[in-house]
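Q: Structure file protein34.cif (mmCIF, C-alpha atoms and all ligand atoms) right here:
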data_query
#
loop_
_atom_site.label_atom_id
_atom_site.label_comp_id
_atom_site.auth_asym_id
_atom_site.auth_seq_id
_atom_site.Cartn_x
_atom_site.Cartn_y
_atom_site.Cartn_z
CA MET A 1 82.72 76.11 99.95
CA SER A 2 82.90 79.61 101.46
CA GLY A 3 86.19 80.98 102.78
CA THR A 4 84.88 80.68 106.35
CA ASP A 5 83.94 77.01 105.90
CA ARG A 6 87.26 76.32 104.23
CA LEU A 7 89.08 77.98 107.14
CA ASP A 8 87.13 75.87 109.65
CA THR A 9 88.02 72.73 107.68
CA LEU A 10 91.71 73.62 107.45
CA MET A 11 91.81 74.43 111.19
CA ALA A 12 89.79 71.37 112.28
CA ARG A 13 92.79 69.31 113.37
CA GLY A 14 94.32 72.22 115.27
CA THR A 15 91.09 73.18 117.02
CA ALA A 16 90.45 69.55 117.98
CA PHE A 17 93.94 69.39 119.49
CA LEU A 18 93.75 72.72 121.31
CA GLY A 19 90.05 72.65 122.21
CA SER A 20 89.68 76.27 121.08
CA ARG A 21 87.38 77.87 118.46
CA TYR A 22 90.32 78.84 116.24
CA ALA A 23 93.72 77.19 115.79
CA ILE A 24 95.44 80.47 116.60
CA MET A 25 97.83 80.32 119.53
CA ALA A 26 99.12 83.45 121.23
CA GLY A 27 102.69 82.38 121.95
CA ALA A 28 103.95 82.80 125.49
CA MET A 29 105.81 86.06 126.04
CA THR A 30 107.65 86.44 129.33
CA TRP A 31 106.19 89.31 131.43
CA VAL A 32 103.45 89.88 128.81
CA SER A 33 101.55 86.56 128.72
CA GLU A 34 99.97 86.56 132.17
CA ARG A 35 96.39 86.09 133.35
CA HIS A 36 94.85 89.11 131.59
CA LEU A 37 96.15 88.59 128.06
CA VAL A 38 95.95 84.79 128.23
CA SER A 39 92.30 84.77 129.38
CA ALA A 40 91.35 87.46 126.85
CA ILE A 41 92.87 85.43 124.01
CA SER A 42 91.18 82.21 125.09
CA ASN A 43 87.83 83.93 125.69
CA ALA A 44 88.05 85.34 122.15
CA GLY A 45 88.41 81.88 120.64
CA GLY A 46 92.20 81.78 120.38
CA PHE A 47 94.53 79.74 122.57
CA GLY A 48 96.40 81.73 125.22
CA VAL A 49 99.64 80.44 126.73
CA ILE A 50 101.01 81.58 130.11
CA ALA A 51 104.75 82.37 130.05
CA CYS A 52 106.29 80.84 133.14
CA GLY A 53 109.72 82.34 132.41
CA ALA A 54 111.75 82.28 135.63
CA MET A 55 108.69 82.15 137.95
CA PRO A 56 109.05 79.86 140.98
CA PRO A 57 106.45 77.05 141.27
CA GLU A 58 104.20 78.78 143.81
CA MET A 59 103.98 81.91 141.64
CA LEU A 60 103.07 79.80 138.59
CA ALA A 61 100.36 78.07 140.62
CA GLY A 62 98.91 81.50 141.47
CA GLU A 63 99.02 82.66 137.86
CA ILE A 64 97.27 79.51 136.61
CA ALA A 65 94.54 79.80 139.25
CA ALA A 66 94.01 83.49 138.43
CA THR A 67 93.75 82.67 134.71
CA GLN A 68 91.28 79.87 135.39
CA ALA A 69 89.16 82.39 137.32
CA LEU A 70 89.01 84.60 134.22
CA THR A 71 88.26 81.96 131.58
CA ASP A 72 86.69 78.54 131.34
CA LYS A 73 88.30 78.05 127.91
CA PRO A 74 91.46 76.00 127.43
CA PHE A 75 94.90 77.62 127.64
CA GLY A 76 98.47 76.35 127.88
CA VAL A 77 101.52 76.92 130.05
CA ASN A 78 104.95 77.51 128.53
CA LEU A 79 107.92 76.23 130.53
CA ILE A 80 111.57 76.90 129.72
CA THR A 81 113.51 73.62 129.81
CA LEU A 82 116.49 75.25 131.57
CA HIS A 83 114.38 76.20 134.61
CA PRO A 84 116.06 74.62 137.67
CA GLN A 85 112.70 73.58 139.16
CA MET A 86 111.29 72.08 135.98
CA MET A 87 109.82 68.97 137.60
CA ASP A 88 108.09 71.04 140.31
CA LEU A 89 106.60 73.31 137.64
CA ILE A 90 105.23 70.27 135.80
CA GLN A 91 103.73 69.07 139.07
CA VAL A 92 102.04 72.48 139.54
CA CYS A 93 100.54 72.25 136.03
CA ALA A 94 99.32 68.71 136.66
CA GLU A 95 97.71 69.62 139.99
CA ALA A 96 95.97 72.61 138.40
CA LYS A 97 94.67 70.33 135.62
CA VAL A 98 96.34 72.38 132.88
CA SER A 99 95.45 70.79 129.54
CA HIS A 100 98.52 71.72 127.46
CA VAL A 101 102.19 72.28 128.33
CA VAL A 102 104.53 73.92 125.83
CA LEU A 103 108.24 73.31 126.37
CA ALA A 104 110.66 75.88 124.99
CA GLY A 105 114.35 76.66 125.20
CA GLY A 106 116.01 73.40 124.15
CA LEU A 107 115.33 69.71 123.97
CA PRO A 108 113.34 68.48 126.98
CA SER A 109 114.60 65.65 129.19
CA GLY A 110 112.96 62.23 129.01
CA ALA A 111 111.85 62.69 132.62
CA ALA A 112 110.02 65.93 131.80
CA ILE A 113 108.27 64.35 128.80
CA GLU A 114 107.28 61.34 130.87
CA ALA A 115 105.97 63.47 133.77
CA ILE A 116 103.83 65.65 131.48
CA LYS A 117 102.38 62.74 129.53
CA SER A 118 101.72 60.51 132.50
CA ALA A 119 99.76 63.37 134.10
CA GLY A 120 97.49 63.30 131.03
CA MET A 121 98.58 66.73 129.77
CA LYS A 122 99.17 67.35 126.07
CA LEU A 123 102.79 68.18 125.27
CA MET A 124 103.92 70.64 122.63
CA CYS A 125 107.57 71.38 121.84
CA PHE A 126 109.47 73.81 119.63
CA ALA A 127 111.29 72.10 116.77
CA PRO A 128 114.11 74.19 115.30
CA ALA A 129 115.07 71.72 112.53
CA LEU A 130 113.66 68.64 110.78
CA ALA A 131 116.00 66.12 112.47
CA LEU A 132 115.07 67.45 115.92
CA ALA A 133 111.39 67.54 114.99
CA LYS A 134 111.55 63.82 114.09
CA LYS A 135 113.36 63.06 117.34
CA LEU A 136 110.70 64.92 119.35
CA VAL A 137 107.88 63.03 117.60
CA ARG A 138 109.67 59.72 118.31
CA SER A 139 109.94 60.65 121.98
CA GLY A 140 106.16 61.06 122.23
CA VAL A 141 105.57 64.79 121.82
CA ASP A 142 101.91 65.40 120.88
CA ALA A 143 102.37 68.48 118.67
CA LEU A 144 105.13 70.74 117.38
CA VAL A 145 105.64 74.48 117.05
CA ILE A 146 108.03 75.45 114.28
CA GLU A 147 109.26 79.00 114.72
CA GLY A 148 111.27 80.87 112.13
CA SER A 149 113.82 83.62 112.54
CA GLU A 150 111.31 86.39 111.76
CA ALA A 151 109.87 85.86 115.26
CA GLY A 152 110.37 88.06 118.28
CA GLY A 153 112.47 86.86 121.22
CA HIS A 154 114.97 83.97 121.07
CA ILE A 155 115.31 82.73 117.52
CA GLY A 156 116.93 80.07 115.40
CA PRO A 157 118.75 80.78 112.14
CA VAL A 158 116.15 79.51 109.64
CA SER A 159 113.17 81.47 108.29
CA THR A 160 109.57 80.40 108.86
CA SER A 161 108.92 79.80 105.15
CA VAL A 162 111.85 77.39 104.84
CA LEU A 163 111.07 75.53 108.09
CA ALA A 164 107.46 75.15 106.90
CA GLN A 165 108.56 73.70 103.57
CA GLU A 166 110.98 71.29 105.23
CA ILE A 167 108.94 70.14 108.20
CA LEU A 168 105.26 70.23 107.16
CA PRO A 169 105.47 67.68 104.32
CA ALA A 170 107.57 65.36 106.49
CA LEU A 171 105.63 65.45 109.75
CA ALA A 172 102.24 67.19 109.47
CA HIS A 173 100.53 63.81 108.89
CA GLU A 174 102.02 62.42 112.13
CA VAL A 175 101.37 65.23 114.63
CA PRO A 176 99.68 68.64 114.49
CA VAL A 177 102.29 71.27 113.56
CA PHE A 178 101.78 74.94 114.44
CA VAL A 179 103.72 77.54 112.44
CA ALA A 180 105.13 80.65 114.16
CA GLY A 181 107.28 83.63 113.27
CA GLY A 182 106.47 86.65 111.13
CA ILE A 183 102.74 86.06 110.87
CA GLY A 184 100.92 89.40 110.89
CA ARG A 185 97.82 88.86 108.77
CA GLY A 186 95.21 86.21 108.12
CA SER A 187 96.41 85.71 104.55
CA ALA A 188 99.65 84.21 105.92
CA ILE A 189 97.64 82.02 108.31
CA ALA A 190 95.64 80.72 105.33
CA ALA A 191 98.84 80.02 103.41
CA TYR A 192 100.45 77.95 106.19
CA LEU A 193 97.21 76.04 106.77
CA GLU A 194 97.08 75.20 103.07
CA MET A 195 100.68 73.96 103.34
CA GLY A 196 99.56 71.47 105.99
CA ALA A 197 99.89 73.37 109.28
CA ALA A 198 97.30 72.49 111.92
CA GLY A 199 97.38 76.06 113.14
CA VAL A 200 99.61 79.03 113.84
CA GLN A 201 101.24 80.84 116.74
CA LEU A 202 101.60 84.63 116.90
CA GLY A 203 103.34 86.72 119.55
CA THR A 204 104.21 90.20 118.31
CA ARG A 205 100.68 90.96 117.03
CA PHE A 206 99.26 90.44 120.54
CA VAL A 207 101.68 92.63 122.53
CA CYS A 208 99.53 95.74 122.02
CA ALA A 209 96.22 94.09 122.88
CA THR A 210 94.26 96.30 125.28
CA GLU A 211 94.38 93.47 127.84
CA SER A 212 98.18 93.15 127.61
CA VAL A 213 99.88 94.52 130.74
CA ALA A 214 102.95 95.63 128.78
CA HIS A 215 103.98 99.19 129.74
CA PRO A 216 102.50 101.97 127.54
CA ASN A 217 106.06 102.89 126.44
CA PHE A 218 106.63 99.29 125.26
CA LYS A 219 103.36 99.36 123.31
CA ARG A 220 104.17 102.79 121.80
CA ALA A 221 107.54 101.49 120.59
CA PHE A 222 105.74 98.60 118.85
CA ILE A 223 103.16 100.88 117.23
CA ARG A 224 105.91 103.18 115.88
CA ALA A 225 108.27 100.45 114.65
CA ALA A 226 108.68 99.05 111.13
CA ALA A 227 109.72 95.50 110.23
CA ARG A 228 113.34 96.58 109.67
CA ASP A 229 113.62 97.88 113.25
CA ALA A 230 113.24 94.35 114.68
CA ILE A 231 116.79 93.07 114.37
CA ALA A 232 118.58 89.93 115.54
CA SER A 233 121.35 90.43 118.08
CA VAL A 234 124.80 90.49 116.50
CA GLN A 235 127.79 88.44 117.65
CA LEU A 236 131.13 90.14 116.99
CA ASP A 237 133.56 87.45 118.11
CA PRO A 238 133.29 83.64 117.98
CA ARG A 239 135.01 83.50 121.39
CA LEU A 240 132.05 85.36 122.88
CA PRO A 241 128.85 83.53 121.90
CA VAL A 242 125.72 85.67 121.74
CA ILE A 243 122.30 84.00 121.95
CA PRO A 244 120.32 85.30 118.97
CA VAL A 245 117.36 87.41 120.07
CA ARG A 246 115.17 89.55 117.80
CA ALA A 247 114.27 92.90 119.34
CA LEU A 248 113.69 96.53 118.35
CA LYS A 249 116.98 98.37 118.09
CA ASN A 250 117.56 100.97 120.79
CA ALA A 251 120.36 102.47 122.87
CA GLY A 252 120.72 99.11 124.66
CA THR A 253 121.44 97.18 121.46
CA GLU A 254 124.10 99.73 120.46
CA ALA A 255 125.67 99.65 123.91
CA PHE A 256 125.75 95.83 123.65
CA THR A 257 127.88 96.04 120.51
CA ALA A 258 130.22 98.51 122.25
CA LYS A 259 130.38 96.19 125.29
CA GLN A 260 131.40 93.25 123.08
CA ARG A 261 134.17 95.37 121.52
CA GLU A 262 135.39 96.40 124.96
CA ILE A 263 135.51 92.81 126.22
CA MET A 264 137.21 91.62 123.00
CA GLY A 265 139.91 94.22 123.65
CA GLU A 266 140.34 93.07 127.24
CA LEU A 267 140.57 89.45 126.06
CA ASP A 268 143.20 90.31 123.44
CA ALA A 269 145.20 92.21 126.06
CA GLY A 270 144.95 89.27 128.48
CA LYS A 271 143.18 91.45 131.06
CA VAL A 272 140.26 89.05 131.51
CA GLU A 273 139.84 85.25 131.49
CA LEU A 274 137.73 83.76 128.67
CA ALA A 275 135.14 82.26 131.06
CA GLU A 276 134.69 85.60 132.85
CA ALA A 277 134.40 87.43 129.51
CA GLN A 278 131.74 84.98 128.30
CA LEU A 279 129.81 85.39 131.54
CA GLN A 280 129.77 89.16 131.14
CA ILE A 281 128.22 88.77 127.67
CA GLU A 282 125.73 86.17 128.90
CA HIS A 283 124.60 88.39 131.78
CA TYR A 284 124.41 91.60 129.77
CA TRP A 285 120.69 91.32 129.03
CA ALA A 286 119.68 89.82 132.40
CA GLY A 287 116.53 91.57 133.60
CA ALA A 288 116.37 93.68 130.41
CA LEU A 289 113.02 92.31 129.15
CA ARG A 290 111.43 93.03 132.52
CA ARG A 291 112.85 96.57 132.47
CA ALA A 292 111.23 97.22 129.09
CA VAL A 293 107.89 95.42 129.53
CA VAL A 294 107.21 96.21 133.20
CA ASP A 295 109.12 99.44 133.89
CA GLY A 296 108.77 100.97 130.41
CA ASP A 297 112.53 101.53 129.95
CA VAL A 298 112.57 101.41 126.16
CA GLU A 299 116.08 102.88 125.93
CA THR A 300 118.18 100.23 127.68
CA GLY A 301 115.60 97.46 128.12
CA SER A 302 115.10 94.58 125.67
CA LEU A 303 112.26 95.33 123.24
CA MET A 304 111.79 91.76 122.00
CA ALA A 305 109.71 91.99 118.83
CA GLY A 306 109.28 90.10 115.59
CA GLN A 307 109.38 91.48 112.06
CA SER A 308 105.56 91.54 111.98
CA VAL A 309 105.82 94.54 114.34
CA GLY A 310 105.21 96.81 111.33
CA MET A 311 101.69 95.37 111.15
CA VAL A 312 100.94 96.45 114.74
CA THR A 313 99.31 99.85 114.28
CA LYS A 314 97.18 100.45 117.37
CA GLU A 315 96.12 99.20 120.76
CA GLU A 316 92.93 97.15 120.38
CA PRO A 317 91.11 94.35 122.22
CA ALA A 318 92.48 90.83 121.72
CA ALA A 319 89.06 89.80 120.40
CA ASP A 320 89.32 92.41 117.61
CA ILE A 321 92.79 91.21 116.62
CA ILE A 322 91.58 87.61 116.41
CA ALA A 323 88.38 88.58 114.56
CA GLU A 324 90.44 90.53 112.00
CA LEU A 325 92.92 87.68 111.50
CA VAL A 326 90.09 85.19 111.03
CA ALA A 327 88.17 87.43 108.60
CA ASP A 328 91.33 88.11 106.61
CA ALA A 329 92.18 84.39 106.45
CA ALA A 330 88.65 83.53 105.29
CA ASP A 331 88.81 86.30 102.67
CA ALA A 332 92.12 85.01 101.37
CA LEU A 333 90.70 81.49 101.07
CA ASP A 334 87.59 82.84 99.34
CA GLY A 335 89.76 84.62 96.84
CA ARG A 336 91.91 81.57 96.20
CA GLY A 337 88.83 79.42 95.70
CA ALA A 338 87.49 81.89 93.17
CA ARG A 339 90.76 81.98 91.27
CA ALA A 340 90.98 78.20 91.23
CA ALA A 341 87.37 77.86 89.97
C1 LIG A 401 108.29 90.03 124.00
C2 LIG A 401 108.37 88.57 123.62
C3 LIG A 401 108.66 87.62 124.62
C4 LIG A 401 108.70 86.26 124.31
N1 LIG A 401 108.93 85.35 125.32
C5 LIG A 401 108.87 84.01 125.04
C6 LIG A 401 108.98 83.05 126.09
O1 LIG A 401 109.11 83.40 127.26
N2 LIG A 401 108.91 81.72 125.75
C7 LIG A 401 108.74 81.32 124.45
O2 LIG A 401 108.68 80.12 124.21
N3 LIG A 401 108.61 82.21 123.45
C8 LIG A 401 108.67 83.54 123.71
N4 LIG A 401 108.48 84.45 122.70
C9 LIG A 401 108.11 83.94 121.34
C10 LIG A 401 106.57 83.90 121.18
O3 LIG A 401 105.99 82.94 122.03
C11 LIG A 401 106.15 83.52 119.74
O4 LIG A 401 106.54 82.22 119.40
C12 LIG A 401 106.70 84.48 118.72
O5 LIG A 401 106.49 85.82 119.14
C13 LIG A 401 106.02 84.24 117.36
O6 LIG A 401 106.56 85.02 116.37
P1 LIG A 401 106.05 86.53 116.04
O7 LIG A 401 106.64 87.39 117.11
O8 LIG A 401 106.66 86.79 114.71
O9 LIG A 401 104.55 86.52 116.04
C14 LIG A 401 108.47 85.82 122.98
C15 LIG A 401 108.20 86.79 121.98
C16 LIG A 401 108.14 88.13 122.29
C17 LIG A 401 107.82 89.13 121.20
#
Can you present the structure in this file as structure tokens?
Ligand SMILES: Cc1cc2nc3c(=O)[nH]c(=O)nc-3n(C[C@H](O)[C@H](O)[C@H](O)COP(=O)(O)O)c2cc1C
A:
Amino acid sequence: MSGTDRLDTLMARGTAFLGSRYAIMAGAMTWVSERHLVSAISNAGGFGVIACGAMPPEMLAGEIAATQALTDKPFGVNLITLHPQMMDLIQVCAEAKVSHVVLAGGLPSGAAIEAIKSAGMKLMCFAPALALAKKLVRSGVDALVIEGSEAGGHIGPVSTSVLAQEILPALAHEVPVFVAGGIGRGSAIAAYLEMGAAGVQLGTRFVCATESVAHPNFKRAFIRAAARDAIASVQLDPRLPVIPVRALKNAGTEAFTAKQREIMGELDAGKVELAEAQLQIEHYWAGALRRAVVDGDVETGSLMAGQSVGMVTKEEPAADIIAELVADAADALDGRGARAA
């Protein structure tokens, strides 16, 4: 069997679930994954996902309609479970006949799961650990995304390779599992498929697609950066919890460390209440991703990026990125077949 045929076979379950040519999802990225990138990914045979982020329902409805005008291929919508209008957003997706909803940012409520499933939409959820993955499958989730700490954006503590080893053997026979985090080349896609993944999800590699609306400064920062520049946010004091986010280091990340030190000092001196201090930390990065992606402020904005950023070397059409990933995966499988023979 050729590498290409082997790739098609390994992806068959994922492509059947997604309805796309390849089982390669472009993970939702707030401010980046809007109509242009999402439709370009889906038109190229991948599976684009709109990032709803903090959008109100009517804005999401507009974004879905605009995406549908640009592609007749399937795509998904990513909703953050903490959104205060979650049920209205689900209603918007159902009315627009969205085929797949991806829930991120914590365990979804039973009501949200029920509303998505009863509208006939396929439900995907992020599973940060095996126990939670099992719980999600029991509650009727149709497919899982397992995302390791190499990924860009909000991250868990465990690496992709370990999550894959723990979760794929236990659950890949029950539901399709898509592996995310740190995937930059097709050879890694081939490896996770061989381990039992139904497909993969990449974010960082798609930020510099020609169709991505990310600011040229944001794209330039990605093209210049190496893997070691994409660091997880650091928490200095257990009294002041910091949500782990992986982003390129810049003046903003350094100022954040200084800010934590300042607030720790104020806490020690009794100048500020604990709740107020925690709120200051929580709000520090508010609006920072928008500043970087939309306004191009790469100094103080949040440059969310995964460790695969070192493999982003130029701006190129989404179709070229997907074609290269697919060719590389097929090559890798060809090579493995030859070695095994
Ligand atoms: C700039 C940026 C923004 C992101 N925003 C979101 C988001 O809004 N919702 C979400 O579920 N994941 C978000 N992610 C994670 C991606 O969907 C994807 O899972 C991740 O990038 C995959 O890992 P990789 O970056 O190593 O390819 C974001 C990632 C990046 C780089």
Q: Restricting the calculation to all atoms listed in the file, which member of A:Ala111, A:Ala319, A:Val200, A:Leu248 is positioned closest to Arg220 (chain A)?
A: A:Leu248
Q: Produce as an MDAnalysis selection string the set of residues near ligand LIG 401 (chain A), where near means within 6 Å with all atoms listed in the file considered.
A: chainID A and resid 27:30 51 53 104 150:153 180:183 201:205 304:306 308
Q: Which residue, A:Ser99, A:Thr210, A:Thr81, A:Thr15, has the smallest gap to Phe126 (chain A) when you use all atoms listed in the file?
A: A:Thr81
Q: Skipping near chain neighbours, those fewer than 3 positions away, what residues fall within 8 Å of Pro169 (chain A) using all atoms listed in the file, listed as a list of chain:residue names?
A: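 My list of contacting residues is A:Gln165, A:Glu166, A:Ala172, A:His173, A:Met195, A:Gly196.
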Q: For a quick check of understanding, using all atoms listed in the file, which of A:Leu274, A:His215, A:Ala318, A:Ile113 has the smallest distance to Gly48 (chain A)?
A: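 Counting all atoms listed in the file, the residue closest to Gly48 (chain A) is A:Ala318.
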Q: To one decimal place, how far is CA of Val98 (chain A) from CA of Val293 (chain A) in Å?
A: 26.0 Å
Q: Expressed in Å to a single decimal, how great is the separation between CA of Arg35 (chain A) and CA of Phe75 (chain A)?
A: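 Result for CA of Arg35 (chain A) versus CA of Phe75 (chain A): 10.3 Å, one decimal.
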Q: Between CA of Val207 (chain A) and CA of Gln85 (chain A), what is the distance in Å, rounded to a tenth?
A: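 One can read the CA of Val207 (chain A) to CA of Gln85 (chain A) distance as 27.6 Å.
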Q: Measuring atom to atom with only C-alpha atoms, identify which of A:Ala197, A:Ala190, A:Met11, A:Ala227 is nearest to Asp328 (chain A).
A: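 Ranking A:Ala197, A:Ala190, A:Met11, A:Ala227 by distance to Asp328 (chain A), first place goes to A:Ala190.
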Q: Could you pull out every residue with an atom within 10 Å of (130.6, 94.5, 132.8), file coordinates, counting only C-alpha atoms, and send them as a list in words?
A: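 Protein, DNA and RNA residues close to (130.6, 94.5, 132.8): Lys259, Gln260, Glu262, Ile263, Glu276, Ala277, Leu279, Gln280, Ile281, His283 and Tyr284 of chain A.
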Q: In the coordinate frame of the file, compute which residues have an atom within 9 Å of (96.5, 80.2, 120.2) when using all atoms listed in the file, and state them as a PyMOL selection string.
A: chain A and resi 18+20+22-27+41-42+45-49+75-76+199-202
Q: Export C-alpha atoms of the chosen residues as a tab-separated table (two decimals), in the frame of the given file?
A:
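Output file out02.tsv is given in full below:
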chain	number	residue	atom	x	y	z
A	18	LEU	CA	93.75	72.72	121.31
A	20	SER	CA	89.68	76.27	121.08
A	22	TYR	CA	90.32	78.84	116.24
A	23	ALA	CA	93.72	77.19	115.79
A	24	ILE	CA	95.44	80.47	116.60
A	25	MET	CA	97.83	80.32	119.53
A	26	ALA	CA	99.12	83.45	121.23
A	27	GLY	CA	102.69	82.38	121.95
A	41	ILE	CA	92.87	85.43	124.01
A	42	SER	CA	91.18	82.21	125.09
A	45	GLY	CA	88.41	81.88	120.64
A	46	GLY	CA	92.20	81.78	120.38
A	47	PHE	CA	94.53	79.74	122.57
A	48	GLY	CA	96.40	81.73	125.22
A	49	VAL	CA	99.64	80.44	126.73
A	75	PHE	CA	94.90	77.62	127.64
A	76	GLY	CA	98.47	76.35	127.88
A	199	GLY	CA	97.38	76.06	113.14
A	200	VAL	CA	99.61	79.03	113.84
A	201	GLN	CA	101.24	80.84	116.74
A	202	LEU	CA	101.60	84.63	116.90
Q: Give the centre and edge lengths of an axis-aligned box, in Å to one decimal, that holds all listed atoms of region 131-135 of chain A with 6 Å on each side, as JSON.
A:
{"center_x": 113.7, "center_y": 65.3, "center_z": 114.9, "size_x": 16.6, "size_y": 16.5, "size_z": 16.9}
Q: I'd like the neighbourhood of Ser2 (chain A) as a list in words, where a residue qualifies if any of its atoms comes within 12 Å (using only C-alpha atoms), though same-chain residues fewer than 3 positions away should be ignored.
A: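 Here the qualifying residues turn out to be Asp5, Arg6, Leu7, Asp8, Thr9, Ala327, Ala329, Ala330, Asp331, Ala332, Leu333, Asp334, Gly335, Arg336, Gly337 and Ala338 of chain A.
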Q: With distances taken over only C-alpha atoms, which of A:Met264, A:Gly120, A:Val213, A:Gln91 is nearest to Pro238 (chain A)?
A: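 Closest residue, counting only C-alpha atoms: A:Met264.
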Q: Considering all atoms listed in the file, can you say which of A:Cys208, A:Ile322, A:Met311, A:Ala191 comes closest to Arg228 (chain A)?
A: A:Met311
Q: From the structure block, carefully write region 1-44 of chain A out with C-alpha atoms; format it as a CSV table (one decimal), in the first residue's frame.
A:
chain,number,residue,atom,x,y,z
A,1,MET,CA,0.0,0.0,0.0
A,2,SER,CA,1.4,3.4,-0.9
A,3,GLY,CA,1.9,6.1,1.8
A,4,THR,CA,-1.0,8.1,0.3
A,5,ASP,CA,-3.4,5.1,0.5
A,6,ARG,CA,-2.2,4.3,4.0
A,7,LEU,CA,-2.8,7.9,5.1
A,8,ASP,CA,-6.3,7.8,3.6
A,9,THR,CA,-7.0,4.5,5.5
A,10,LEU,CA,-5.6,5.8,8.8
A,11,MET,CA,-7.7,9.0,8.4
A,12,ALA,CA,-10.9,7.3,7.3
A,13,ARG,CA,-12.6,7.4,10.6
A,14,GLY,CA,-11.7,11.1,11.1
A,15,THR,CA,-12.8,12.1,7.7
A,16,ALA,CA,-16.1,10.2,8.0
A,17,PHE,CA,-16.7,12.0,11.3
A,18,LEU,CA,-15.8,15.5,10.0
A,19,GLY,CA,-17.0,15.2,6.5
A,20,SER,CA,-13.8,16.7,5.2
A,21,ARG,CA,-11.2,15.3,2.7
A,22,TYR,CA,-8.5,15.2,5.4
A,23,ALA,CA,-8.8,14.6,9.1
A,24,ILE,CA,-6.8,17.8,9.8
A,25,MET,CA,-8.6,20.3,11.9
A,26,ALA,CA,-7.5,23.9,12.2
A,27,GLY,CA,-8.2,24.6,15.8
A,28,ALA,CA,-10.2,27.7,16.7
A,29,MET,CA,-8.1,30.7,17.5
A,30,THR,CA,-9.8,33.7,18.9
A,31,TRP,CA,-9.6,36.7,16.6
A,32,VAL,CA,-7.7,34.6,14.0
A,33,SER,CA,-10.3,31.9,13.1
A,34,GLU,CA,-12.9,33.9,11.3
A,35,ARG,CA,-14.6,33.5,8.0
A,36,HIS,CA,-11.5,33.9,5.8
A,37,LEU,CA,-9.2,31.4,7.4
A,38,VAL,CA,-12.0,29.0,8.3
A,39,SER,CA,-13.4,28.8,4.7
A,40,ALA,CA,-9.9,28.6,3.2
A,41,ILE,CA,-9.0,25.6,5.4
A,42,SER,CA,-12.3,23.8,4.6
A,43,ASN,CA,-12.0,24.6,0.9
A,44,ALA,CA,-8.5,23.1,1.0
